[in-house]
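Raw contents of work29.cif, mmCIF, C-alpha atoms:
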```cif
data_target
loop_
_atom_site.label_atom_id
_atom_site.label_comp_id
_atom_site.auth_asym_id
_atom_site.auth_seq_id
_atom_site.Cartn_x
_atom_site.Cartn_y
_atom_site.Cartn_z
CA SER V 1 2.54 -94.04 -33.61
CA PRO V 2 0.81 -91.01 -32.00
CA TRP V 3 2.56 -87.66 -31.71
CA ILE V 4 1.89 -84.17 -30.36
CA ASP V 5 2.45 -81.02 -32.39
CA VAL V 6 3.69 -78.44 -29.86
CA THR V 7 4.04 -75.46 -32.19
CA GLY V 8 2.03 -72.58 -30.81
CA GLY V 9 2.16 -73.89 -27.26
CA LEU V 10 -0.76 -74.97 -25.13
CA GLU V 11 -3.05 -72.21 -26.36
CA LEU V 12 -2.99 -73.35 -29.99
CA TYR V 13 -2.96 -77.01 -28.96
CA SER V 14 -6.11 -76.59 -26.85
CA ARG V 15 -8.07 -75.05 -29.74
CA LYS V 16 -7.75 -78.22 -31.81
CA LEU V 17 -8.81 -80.75 -29.18
CA ASP V 18 -11.88 -82.94 -29.48
CA LYS V 19 -14.46 -83.07 -26.70
CA ALA V 20 -12.81 -85.88 -24.70
CA ALA V 21 -9.33 -84.38 -24.90
CA SER V 22 -10.64 -80.92 -24.05
CA HIS V 23 -12.37 -82.34 -20.98
CA GLN V 24 -9.12 -84.04 -19.95
CA LEU V 25 -7.24 -80.73 -20.17
CA SER V 26 -9.89 -78.92 -18.12
CA GLU V 27 -9.90 -81.68 -15.53
CA THR V 28 -6.10 -81.61 -15.29
CA ARG V 29 -6.14 -77.85 -14.73
CA ARG V 30 -8.69 -78.36 -11.95
CA ARG V 31 -6.44 -80.97 -10.34
CA ILE V 32 -3.46 -78.61 -10.54
CA ARG V 33 -5.44 -76.00 -8.62
CA ARG V 34 -6.50 -78.57 -6.02
CA LEU V 35 -2.98 -79.92 -5.55
CA THR V 36 -1.66 -76.36 -5.29
CA ARG V 37 -4.09 -75.70 -2.45
CA GLU V 38 -3.08 -78.92 -0.71
CA THR V 39 0.69 -78.53 -1.14
CA ALA V 40 2.38 -75.59 -2.86
CA ALA V 41 2.57 -73.81 -6.19
CA PRO V 42 3.78 -75.91 -9.15
CA ARG V 43 7.17 -75.41 -10.72
CA PHE V 44 8.39 -76.86 -14.01
CA GLU V 45 12.02 -77.54 -14.93
CA MET V 46 12.25 -78.17 -18.65
CA ASN V 47 15.85 -79.29 -18.96
CA CYS V 48 17.08 -80.96 -15.76
CA ARG V 49 20.46 -82.72 -15.53
CA ASP V 50 20.47 -83.58 -11.84
CA PRO V 51 21.78 -87.17 -11.42
CA ALA V 52 19.75 -87.54 -8.22
CA ILE V 53 16.58 -87.07 -10.28
CA VAL V 54 17.72 -89.87 -12.59
CA ASP V 55 18.12 -92.11 -9.55
CA LEU V 56 14.57 -91.29 -8.46
CA LEU V 57 13.24 -91.92 -11.97
CA ILE V 58 14.90 -95.34 -12.02
CA LYS V 59 13.43 -96.20 -8.62
CA TRP V 60 9.92 -95.15 -9.62
CA LYS V 61 10.08 -96.98 -12.97
CA ASP V 62 11.45 -100.12 -11.33
CA ASP V 63 8.68 -100.00 -8.71
CA GLN V 64 6.12 -99.46 -11.47
CA CYS V 65 7.37 -102.52 -13.35
CA ARG V 66 7.12 -104.63 -10.22
CA ARG V 67 3.58 -103.43 -9.48
CA THR V 68 2.37 -104.18 -13.00
CA GLY V 69 4.24 -107.44 -13.44
CA VAL V 70 6.39 -106.16 -16.30
CA ALA V 71 10.00 -107.28 -16.57
CA SER V 72 12.25 -104.46 -15.35
CA VAL V 73 15.54 -103.50 -16.98
CA PHE V 74 16.27 -100.82 -14.41
CA GLN V 75 18.41 -103.04 -12.18
CA LEU V 76 20.84 -103.81 -14.99
CA PRO V 77 24.21 -102.22 -14.16
CA TRP V 78 24.54 -100.24 -17.40
CA VAL V 79 21.14 -98.52 -17.33
CA GLU V 80 21.83 -95.86 -14.70
CA PRO V 81 25.20 -94.67 -16.10
CA LEU V 82 23.78 -94.62 -19.64
CA LEU V 83 20.80 -92.46 -18.67
CA LYS V 84 23.09 -90.04 -16.85
CA ARG V 85 25.65 -89.90 -19.64
CA LEU V 86 23.01 -89.07 -22.25
CA LEU V 87 22.10 -85.99 -20.20
CA GLU V 88 25.57 -84.52 -20.54
CA PRO V 89 25.66 -81.26 -22.52
CA ALA V 90 25.58 -81.86 -26.27
CA ASP V 91 24.05 -80.36 -29.37
CA ASP V 92 20.42 -80.94 -30.27
CA LEU V 93 21.23 -83.44 -33.01
CA PHE V 94 20.98 -86.20 -30.42
CA ARG V 95 20.78 -86.01 -26.65
CA ALA V 96 18.55 -86.81 -23.72
CA MET V 97 16.23 -84.27 -22.15
CA MET V 98 14.74 -84.70 -18.68
CA SER V 99 11.88 -82.54 -17.40
CA VAL V 100 10.44 -82.35 -13.89
CA VAL V 101 7.24 -81.02 -12.30
CA TYR V 102 7.48 -79.94 -8.66
CA PHE V 103 4.87 -78.83 -6.17
CA GLY V 104 6.93 -76.86 -3.73
CA ASP V 105 9.99 -79.03 -3.13
CA ARG V 106 8.13 -82.25 -3.87
CA ILE V 107 8.74 -83.95 -7.21
CA ALA V 108 5.42 -84.92 -8.77
CA ALA V 109 6.48 -86.27 -12.17
CA ILE V 110 9.56 -86.83 -14.33
CA HIS V 111 9.85 -87.20 -18.08
CA TYR V 112 13.00 -88.57 -19.71
CA GLY V 113 13.11 -88.40 -23.48
CA LEU V 114 15.53 -88.52 -26.39
CA ARG V 115 15.79 -85.45 -28.57
CA SER V 116 16.78 -85.26 -32.20
CA GLY V 117 16.51 -81.74 -33.57
CA PRO V 118 12.92 -80.50 -33.17
CA VAL V 119 11.55 -83.92 -32.14
CA LEU V 120 11.43 -85.27 -28.60
CA HIS V 121 10.77 -88.99 -28.23
CA SER V 122 8.82 -89.72 -25.06
CA MET V 123 10.81 -92.53 -23.50
CA LEU V 124 10.42 -92.73 -19.71
CA PRO V 125 7.50 -90.81 -18.20
CA VAL V 126 6.87 -91.53 -14.52
CA TYR V 127 5.15 -89.90 -11.56
CA ASP V 128 4.92 -90.12 -7.79
CA PRO V 129 2.40 -92.94 -7.20
CA GLU V 130 1.17 -91.21 -4.04
CA LEU V 131 -0.07 -88.35 -6.24
CA ALA V 132 -1.66 -90.57 -8.89
CA ARG V 133 -5.20 -89.24 -8.32
CA HIS V 134 -3.98 -85.77 -9.31
CA SER V 135 -2.68 -86.94 -12.74
CA PRO V 136 0.82 -85.43 -12.37
CA GLY V 137 1.97 -87.20 -15.53
CA LEU V 138 -0.58 -85.32 -17.61
CA MET V 139 0.43 -82.08 -15.91
CA LEU V 140 3.98 -82.68 -17.07
CA TYR V 141 2.96 -83.38 -20.66
CA TYR V 142 0.91 -80.19 -20.81
CA GLU V 143 3.92 -78.23 -19.57
CA LEU V 144 6.06 -79.83 -22.27
CA ILE V 145 3.46 -78.83 -24.86
CA ASP V 146 3.33 -75.29 -23.52
CA GLN V 147 7.07 -74.67 -23.25
CA GLY V 148 8.54 -77.06 -25.81
CA GLU V 149 8.63 -74.55 -28.63
CA SER V 150 10.78 -72.20 -26.53
CA LEU V 151 13.54 -74.83 -26.74
CA GLY V 152 13.07 -75.44 -30.44
CA LEU V 153 10.77 -78.44 -30.21
CA LYS V 154 8.03 -78.98 -32.76
CA ARG V 155 6.83 -82.47 -31.96
CA ILE V 156 6.69 -85.00 -29.13
CA ASP V 157 6.73 -88.56 -30.44
CA MET V 158 4.72 -90.72 -28.04
CA GLY V 159 5.99 -94.06 -29.33
CA LYS V 160 4.02 -96.93 -30.80
CA GLY V 161 0.81 -98.12 -29.22
CA TYR V 162 -2.48 -96.46 -28.45
CA ALA V 163 -2.69 -96.28 -24.68
CA ALA V 164 -5.60 -94.14 -23.53
CA TYR V 165 -3.43 -91.24 -22.37
CA LYS V 166 -1.58 -91.19 -25.71
CA THR V 167 -4.80 -91.12 -27.69
CA LYS V 168 -6.18 -88.18 -25.71
CA LEU V 169 -2.93 -86.20 -25.77
CA ALA V 170 -1.98 -86.80 -29.41
CA ASN V 171 -3.07 -84.55 -32.25
CA GLY V 172 -1.43 -86.55 -35.02
CA SER V 173 0.03 -89.96 -35.83
CA CYS V 174 2.21 -91.78 -38.33
CA THR V 175 2.44 -95.37 -39.50
CA ILE V 176 5.39 -97.46 -38.37
CA ALA V 177 6.37 -101.06 -39.03
CA GLU V 178 8.53 -103.65 -37.33
CA GLY V 179 10.07 -106.88 -38.52
CA ALA V 180 12.94 -109.31 -38.26
CA ILE V 181 15.05 -111.43 -40.58
CA ASP V 182 16.29 -114.80 -39.40
CA PHE V 183 18.02 -117.26 -41.73
CA ARG V 184 17.42 -120.13 -39.31
CA LEU V 185 14.17 -121.48 -40.73
CA GLY V 186 12.96 -123.20 -37.59
CA ARG V 187 13.49 -120.17 -35.39
CA ALA V 188 11.95 -117.87 -38.00
CA ALA V 189 8.83 -120.05 -38.11
CA LEU V 190 8.55 -119.99 -34.32
CA TRP V 191 8.93 -116.20 -34.33
CA ARG V 192 6.19 -115.77 -36.94
CA GLY V 193 3.93 -118.04 -34.93
CA TRP V 194 4.57 -116.04 -31.77
CA LEU V 195 3.81 -112.73 -33.52
CA ARG V 196 0.54 -114.07 -34.94
CA THR V 197 -0.47 -115.42 -31.53
CA ARG V 198 0.42 -112.14 -29.83
CA ASP V 199 -1.55 -110.06 -32.33
CA TRP V 200 -4.52 -112.41 -32.08
CA LEU V 201 -4.52 -112.24 -28.27
CA ARG V 202 -4.36 -108.45 -28.31
CA SER V 203 -7.50 -108.24 -30.44
CA SER V 204 -9.43 -111.10 -28.81
CA PRO V 205 -11.62 -111.31 -25.69
CA LEU V 206 -8.80 -113.31 -24.08
CA ARG V 207 -6.55 -110.27 -23.88
CA GLY V 208 -7.50 -109.48 -20.27
CA PRO V 209 -7.09 -113.04 -18.89
CA ALA V 210 -3.83 -113.50 -20.83
CA HIS V 211 -2.44 -110.29 -19.36
CA ARG V 212 -3.35 -111.41 -15.85
CA VAL V 213 -1.67 -114.79 -16.40
CA ASN V 214 1.44 -113.00 -17.65
CA GLN V 215 1.46 -110.84 -14.52
CA ILE V 216 1.21 -113.91 -12.28
CA LEU V 217 4.06 -115.66 -14.12
CA SER V 218 6.20 -112.53 -13.95
CA ASN V 219 5.60 -112.23 -10.21
CA ILE V 220 6.58 -115.88 -9.74
CA ARG V 221 9.78 -115.34 -11.75
CA ASN V 222 10.63 -112.26 -9.69
CA TRP V 223 10.01 -114.17 -6.46
CA LEU V 224 12.22 -117.07 -7.56
CA ARG V 225 15.01 -114.67 -8.48
CA ARG V 226 15.06 -113.00 -5.07
CA PRO V 227 18.21 -113.69 -3.06
CA SER V 228 17.62 -116.15 -0.26
#
```

Would you write out, as structure tokens, the structure that this file holds?
Amino acid sequence: SPWIDVTGGLELYSRKLDKAASHQLSETRRRIRRLTRETAAPRFEMNCRDPAIVDLLIKWKDDQCRRTGVASVFQLPWVEPLLKRLLEPADDLFRAMMSVVYFGDRIAAIHYGLRSGPVLHSMLPVYDPELARHSPGLMLYYELIDQGESLGLKRIDMGKGYAAYKTKLANGSCTIAEGAIDFRLGRAALWRGWLRTRDWLRSSPLRGPAHRVNQILSNIRNWLRRPS
């Protein structure tokens, strides 16, 4: 599971980057300057509790799930009140933290994470799809890196998986494991078979076609579930 050490802010972070990650940071800074010229100066809110921003985050994430064919949980009735409740003032032992990047009055990206002491778990990053070419999501992460230590953060946990953006942002990682115990032998055997098949598909040349088939099936399911 990749993570980002934010101690020392962006200055110290940038000194330890490899060539690809350093290029990404330089390119993101260039895009910030370009977007500033096209719109307005950027503004970063580290600890936002505005419920209207939560509503926008849910809308963007739900739209993102629909575009990519991923099952969305954001229409479930308990999701919105839970996300808002976790933002209520509490100590740093456990609470949610939402951060926002603006350009002028326009929201470019939102990050919703869960904080435990000095660690922030990156849970729901999302950005305005109309600004995708400017990489607003990366802009937000770099702001978190730069200002995180001022709020007592030492690490941003990116969560399991090695998506390209995680690999380029991360400067460390740890090993995690997952498993399940099921005393129903038949179901346990089916579960083991599914896990082996999933892992094989992810590492095989069929990964791309399988993902496209899954997207098609998800779109069909969503269409069938639409109210008539």

(request) Name the residues that the PyMOL selection byres ((chain V and resi 124) around 10) pulls out of this structure, and write them as a list in words. (result) Leu57, Ile58, Lys61, Met98, Ile110, His111, Tyr112, Gly113, Leu114, His121, Ser122, Met123, Pro125 and Val126 of chain V

(message) For a test of reading the model, state the distance in Å between CA of Asn171 in chain V and CA of Ile4 in chain V, rounded to one decimal.
(response)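 CA of Ile4 in chain V lies 5.3 Å from CA of Asn171 in chain V.
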
(request) Record the distance separating CA of Arg15 in chain V and CA of Pro2 in chain V, expressed in Å with one decimal. (result)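 About the pair CA of Arg15 in chain V and CA of Pro2 in chain V: they are 18.4 Å apart.
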
(message) Report, in Å with one decimal, the straight-line distance from CA of Pro118 in chain V to CA of Gln147 in chain V.
(response)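 Interatomic distance here is 12.9 Å.
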
(message) At a cut-off of 10 Å, using all atoms listed in the file, what residues contact range 35-39 of chain V? Leave out same-chain residues fewer than 6 positions from it and give the result as an NGL selection string.
(response) :V and (29 or 103-106 or 131 or 133-134 or 136)

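With all atoms listed in the file as the basis for measurement, V:Ile156 is the residue among V:Leu190, V:Ile156, V:Ile32, V:Leu185 that approaches Asp5 in chain V most closely.
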
Could you pull range 56-105 of chain V out of the block above and give me C-alpha atoms, as a short mmCIF file (atom, residue, chain, number, x, y, z; two decimals), in the first residue's frame?
```
data_model
loop_
_atom_site.label_atom_id
_atom_site.label_comp_id
_atom_site.auth_asym_id
_atom_site.auth_seq_id
_atom_site.Cartn_x
_atom_site.Cartn_y
_atom_site.Cartn_z
CA LEU V 56 -20.89 18.07 -4.68
CA LEU V 57 -18.33 15.38 -3.85
CA ILE V 58 -21.06 12.73 -3.84
CA LYS V 59 -22.39 13.96 -7.18
CA TRP V 60 -18.95 13.94 -8.81
CA LYS V 61 -18.07 10.50 -7.42
CA ASP V 62 -21.42 9.07 -8.48
CA ASP V 63 -20.97 10.51 -11.98
CA GLN V 64 -17.43 9.10 -12.08
CA CYS V 65 -18.68 5.63 -11.17
CA ARG V 66 -21.29 5.78 -13.91
CA ARG V 67 -18.74 6.92 -16.51
CA THR V 68 -16.31 4.13 -15.64
CA GLY V 69 -18.89 1.40 -15.18
CA VAL V 70 -18.12 0.89 -11.50
CA ALA V 71 -20.95 0.10 -9.09
CA SER V 72 -21.79 3.26 -7.13
CA VAL V 73 -22.64 3.31 -3.43
CA PHE V 74 -23.28 7.04 -3.41
CA GLN V 75 -27.03 6.75 -3.93
CA LEU V 76 -27.47 4.64 -0.80
CA PRO V 77 -29.45 6.67 1.77
CA TRP V 78 -26.90 6.35 4.59
CA VAL V 79 -23.82 7.51 2.67
CA GLU V 80 -24.48 11.26 2.61
CA PRO V 81 -25.40 11.63 6.32
CA LEU V 82 -22.44 9.47 7.34
CA LEU V 83 -19.93 11.54 5.36
CA LYS V 84 -21.33 14.73 6.86
CA ARG V 85 -21.43 13.38 10.40
CA LEU V 86 -17.79 12.30 10.27
CA LEU V 87 -16.84 15.91 9.52
CA GLU V 88 -18.29 17.15 12.79
CA PRO V 89 -15.67 18.59 15.17
CA ALA V 90 -13.81 15.87 17.06
CA ASP V 91 -10.31 15.11 18.25
CA ASP V 92 -7.64 13.83 15.90
CA LEU V 93 -7.85 10.27 17.18
CA PHE V 94 -10.46 9.58 14.51
CA ARG V 95 -12.35 11.96 12.26
CA ALA V 96 -12.87 12.88 8.64
CA MET V 97 -10.97 15.68 6.94
CA MET V 98 -12.11 17.29 3.70
CA SER V 99 -9.87 19.56 1.64
CA VAL V 100 -10.76 21.69 -1.37
CA VAL V 101 -8.86 23.45 -4.17
CA TYR V 102 -10.54 26.50 -5.70
CA PHE V 103 -9.65 28.67 -8.65
CA GLY V 104 -11.46 31.86 -7.84
CA ASP V 105 -14.90 30.71 -6.72
#
```
